[in-house]
Amino acid sequence: MLSFVCMLSALAALSVYTYGLRALEIILISVVTATVCKKICEEIGKSDYPHSDLSGLATGLMTALLFPVSVPLYIPFFTAVFAVIVCMLPFGTAKNSPFVPAAAAFCFAALCFGDKMFDYSFSADGISEGGAMLSLTALLQSGTSVKLNSAVVLEILTGQMPSAIGTGFVIMLLGALCFILIRYPKNAVPAAAFILSAAMFSLAFPRVKTGALTSLTMEMCGGMLLFAAVFFMTYPSVIPSRLFSSAVWGLVSGAVCMAFRYFGKTEDSLIFGIIIMNATAGLFDELPLTKYEKKKIDDGVPYEQTEKQQGVVPDAVLSEIPDISDEEIIAQSEDVSTETDNQENSVSVENLHTAFTVENELTQEPAPFGLGGDGSEK
């Protein structure tokens with residue numbers, strides 16, 4: 001969560017520089033609401049979460065950066081409340097949540113507040129232009145292309161195109177993805193697979209007629225695709241535990257999300273595909289073991305190092321366990337129990353005989369019983 005907070009804070013600072021005080025208001029409302037709601041719920045439930053848990057702060061930042069600068073300020077408030085109270089705390093902590101809380105909360109806001117979530121009628125200075133400004137995803141939805149030249153490409157890379165306050169800075173998002181690749185390579189695998197699958201999908205099915213390269217650029221840099229790859233596809237609680245499974249999950253997620261974007265009714269329906277793939281992530285751990293994973297097991301590598309989901313034993317390991325019937329297990333258990341009882345009885349008899357011996361040394365009376373050679377009562 002600390003790494004998430006650092007990357008999101010850099011995006012937040014850049015969005016405030018680009019969009020002005022209006023972006024700062026949205027960020028502060030979302031962050032403060034999420035943090036306070038998390039603290040209140042922990043006090044009510046008497047939870048003992050560590051004070052270093054930054055999931056509330058990370059969720060507030062992540063949620064805020066998905067809004068356009070023109071969004072009414074009550075929407076970030078209700079969205080942050082929903083993200084924490086409904087999508088995160090019922091499951092304990094952010095590490096146990098089956099969904100990315102910010103993604104689920106944005107779906108809630110998109111269903112409740114409709115077009116306000118994609119209203120780009122404010123310029124980068126926060127001044128109303130008197131009409132809606134079309135984002136790259138809106139242009140793609142209508143089949144309208146942009147003419148790619150150096151000026152337009154620079155605007156796309158630096159976040160000058162209409163977008164949410166934190167999703168349009170392509171260079172910053174690519175830098176964050178490189179950081180995750182270096183610092184958390186396992187978490188970067190589904191993100192890279194997601195981007196690869198989405199790119200292949202956009203090349204195979206271009207939505208503009210000016211060329212596959214133009215369609216690819218608009219699809220990759222428009223909307224929240226890169227933001228989802230960096231923060232939603234690397235969220236720890238939703239990633240399959242095996243490396244191979246997470247790669248396949250990322251590939252399937254990219255195709256599913258692009259299908260939602262192509263056929264969805266909202267401007268960018270990709271977020272609904274993210275929620276569906278969050279819910280199905282655990283199923284990908286049931287994929288067959290790869291040759292590399294089987295080789296690790298055969299070489300005697302501890303099973304937890306194969307990145308298999310904890311608690312699930314593969315068939316290769318089960319086949320090496322001897323087949324013992326229930327009757328044999330019960331008989332062995334009874335033998336062990338009988339042997340233990342005999343040992344306890346022997347110790348009790350010895351202790352009792354010692355006590356009589358000590359007493360008889362004072363009274364000069366013989367002990368009422370003796371011990372056999374095997375320690376049993378005679």
# chains A, B, ... in the order shown; residues from 1 in each chain; ligands from 1
call {"tool": "residues_around", "arguments": {"residues": "A:Cys178", "least_positions_apart": "4", "cutoff": "12 Å", "atoms": "only C-alpha atoms", "output": "NGL selection string"}}
result
:A and (7 or 171-174 or 182-185 or 187-189 or 191-192 or 229-230)
call {"tool": "write_last_selection", "arguments": {"atoms": "C-alpha atoms", "output": "tab-separated table (two decimals), in the first residue's frame"}}
result
chain	number	residue	atom	x	y	z
A	7	MET	CA	2.65	6.47	-7.10
A	171	ILE	CA	4.24	8.99	-19.38
A	172	MET	CA	3.67	8.98	-15.60
A	173	LEU	CA	1.62	5.77	-15.77
A	174	LEU	CA	4.27	4.01	-17.87
A	182	ILE	CA	11.37	-3.71	-10.99
A	183	ARG	CA	10.06	-3.69	-7.41
A	184	TYR	CA	7.26	-6.27	-7.66
A	185	PRO	CA	7.92	-8.35	-10.81
A	187	ASN	CA	2.58	-8.32	-9.68
A	188	ALA	CA	3.69	-6.77	-12.98
A	189	VAL	CA	3.08	-9.98	-14.94
A	191	ALA	CA	-0.44	-5.95	-15.92
A	192	ALA	CA	1.93	-6.61	-18.84
A	229	ALA	CA	-3.28	-1.95	-15.84
A	230	VAL	CA	-1.03	-0.20	-13.31
call {"tool": "residues_around", "arguments": {"residues": "stretch 225-227 of chain A", "least_positions_apart": "3", "cutoff": "8 Å", "atoms": "only C-alpha atoms", "output": "ChimeraX atom specification"}}
result
/A:166-167,170,173-174,195,219-222,230-232,270
call {"tool": "write_last_selection", "arguments": {"atoms": "N, CA and C atoms", "output": "PDB file, in the first residue's frame"}}
result
ATOM      1  N   GLY A 166      -6.655  11.738 -13.264  1.00  0.00           N
ATOM      2  CA  GLY A 166      -5.450  10.952 -13.027  1.00  0.00           C
ATOM      3  C   GLY A 166      -5.169   9.883 -14.053  1.00  0.00           C
ATOM      4  N   THR A 167      -5.978   9.783 -15.099  1.00  0.00           N
ATOM      5  CA  THR A 167      -5.822   8.677 -16.047  1.00  0.00           C
ATOM      6  C   THR A 167      -5.187   9.088 -17.366  1.00  0.00           C
ATOM      7  N   VAL A 170       0.036   9.628 -19.566  1.00  0.00           N
ATOM      8  CA  VAL A 170       0.537   8.357 -20.079  1.00  0.00           C
ATOM      9  C   VAL A 170       1.981   8.119 -19.652  1.00  0.00           C
ATOM     10  N   LEU A 173       2.142   7.114 -15.992  1.00  0.00           N
ATOM     11  CA  LEU A 173       1.619   5.766 -15.774  1.00  0.00           C
ATOM     12  C   LEU A 173       2.600   4.708 -16.264  1.00  0.00           C
ATOM     13  N   LEU A 174       3.259   4.962 -17.391  1.00  0.00           N
ATOM     14  CA  LEU A 174       4.267   4.013 -17.870  1.00  0.00           C
ATOM     15  C   LEU A 174       5.453   3.959 -16.906  1.00  0.00           C
ATOM     16  N   ILE A 195      -2.008  -5.453 -20.902  1.00  0.00           N
ATOM     17  CA  ILE A 195      -1.720  -4.469 -21.949  1.00  0.00           C
ATOM     18  C   ILE A 195      -1.480  -5.164 -23.281  1.00  0.00           C
ATOM     19  N   GLU A 219      -6.662   3.663 -28.337  1.00  0.00           N
ATOM     20  CA  GLU A 219      -7.161   2.675 -27.378  1.00  0.00           C
ATOM     21  C   GLU A 219      -6.259   2.589 -26.148  1.00  0.00           C
ATOM     22  N   MET A 220      -4.938   2.565 -26.365  1.00  0.00           N
ATOM     23  CA  MET A 220      -4.009   2.392 -25.257  1.00  0.00           C
ATOM     24  C   MET A 220      -3.939   3.633 -24.372  1.00  0.00           C
ATOM     25  N   CYS A 221      -4.007   4.805 -24.965  1.00  0.00           N
ATOM     26  CA  CYS A 221      -3.823   6.052 -24.210  1.00  0.00           C
ATOM     27  C   CYS A 221      -5.131   6.692 -23.776  1.00  0.00           C
ATOM     28  N   GLY A 222      -6.247   6.211 -24.260  1.00  0.00           N
ATOM     29  CA  GLY A 222      -7.530   6.803 -23.919  1.00  0.00           C
ATOM     30  C   GLY A 222      -8.187   6.124 -22.731  1.00  0.00           C
ATOM     31  N   VAL A 230      -2.033  -0.492 -14.334  1.00  0.00           N
ATOM     32  CA  VAL A 230      -1.032  -0.203 -13.308  1.00  0.00           C
ATOM     33  C   VAL A 230      -1.566  -0.480 -11.909  1.00  0.00           C
ATOM     34  N   PHE A 231      -2.815  -0.098 -11.618  1.00  0.00           N
ATOM     35  CA  PHE A 231      -3.303  -0.147 -10.242  1.00  0.00           C
ATOM     36  C   PHE A 231      -4.348  -1.247  -9.993  1.00  0.00           C
ATOM     37  N   PHE A 232      -5.155  -1.573 -10.978  1.00  0.00           N
ATOM     38  CA  PHE A 232      -6.181  -2.591 -10.769  1.00  0.00           C
ATOM     39  C   PHE A 232      -5.643  -3.997 -11.017  1.00  0.00           C
ATOM     40  N   LEU A 270     -14.850  -0.368 -19.637  1.00  0.00           N
ATOM     41  CA  LEU A 270     -13.756  -1.258 -19.261  1.00  0.00           C
ATOM     42  C   LEU A 270     -13.801  -1.635 -17.790  1.00  0.00           C
TER      43      LEU A 270
END
call {"tool": "residues_around", "arguments": {"residues": "A:Ala212", "least_positions_apart": "5", "cutoff": "12 Å", "atoms": "only C-alpha atoms", "output": "JSON, numbers by chain"}}
result
{"A": [145, 199, 200, 201, 202, 203, 204, 205, 206, 207, 217, 218, 219]}
call {"tool": "closest_residue", "arguments": {"among": "A:Val16, A:Ile274, A:Ala23, A:Val36", "to": "A:Thr234", "atoms": "only C-alpha atoms"}}
result
A:Ile274
call {"tool": "atom_distance", "arguments": {"atom1": "atom CA of A:Ala104", "atom2": "atom CA of A:Ser135"}}
result
22.4 Å
call {"tool": "closest_residue", "arguments": {"among": "A:Pro101, A:Gly159, A:Pro190, A:Pro72", "to": "A:Phe118", "atoms": "only C-alpha atoms"}}
result
A:Pro72
call {"tool": "atom_distance", "arguments": {"atom1": "atom CA of A:Val100", "atom2": "atom CA of A:Leu289"}}
result
27.0 Å
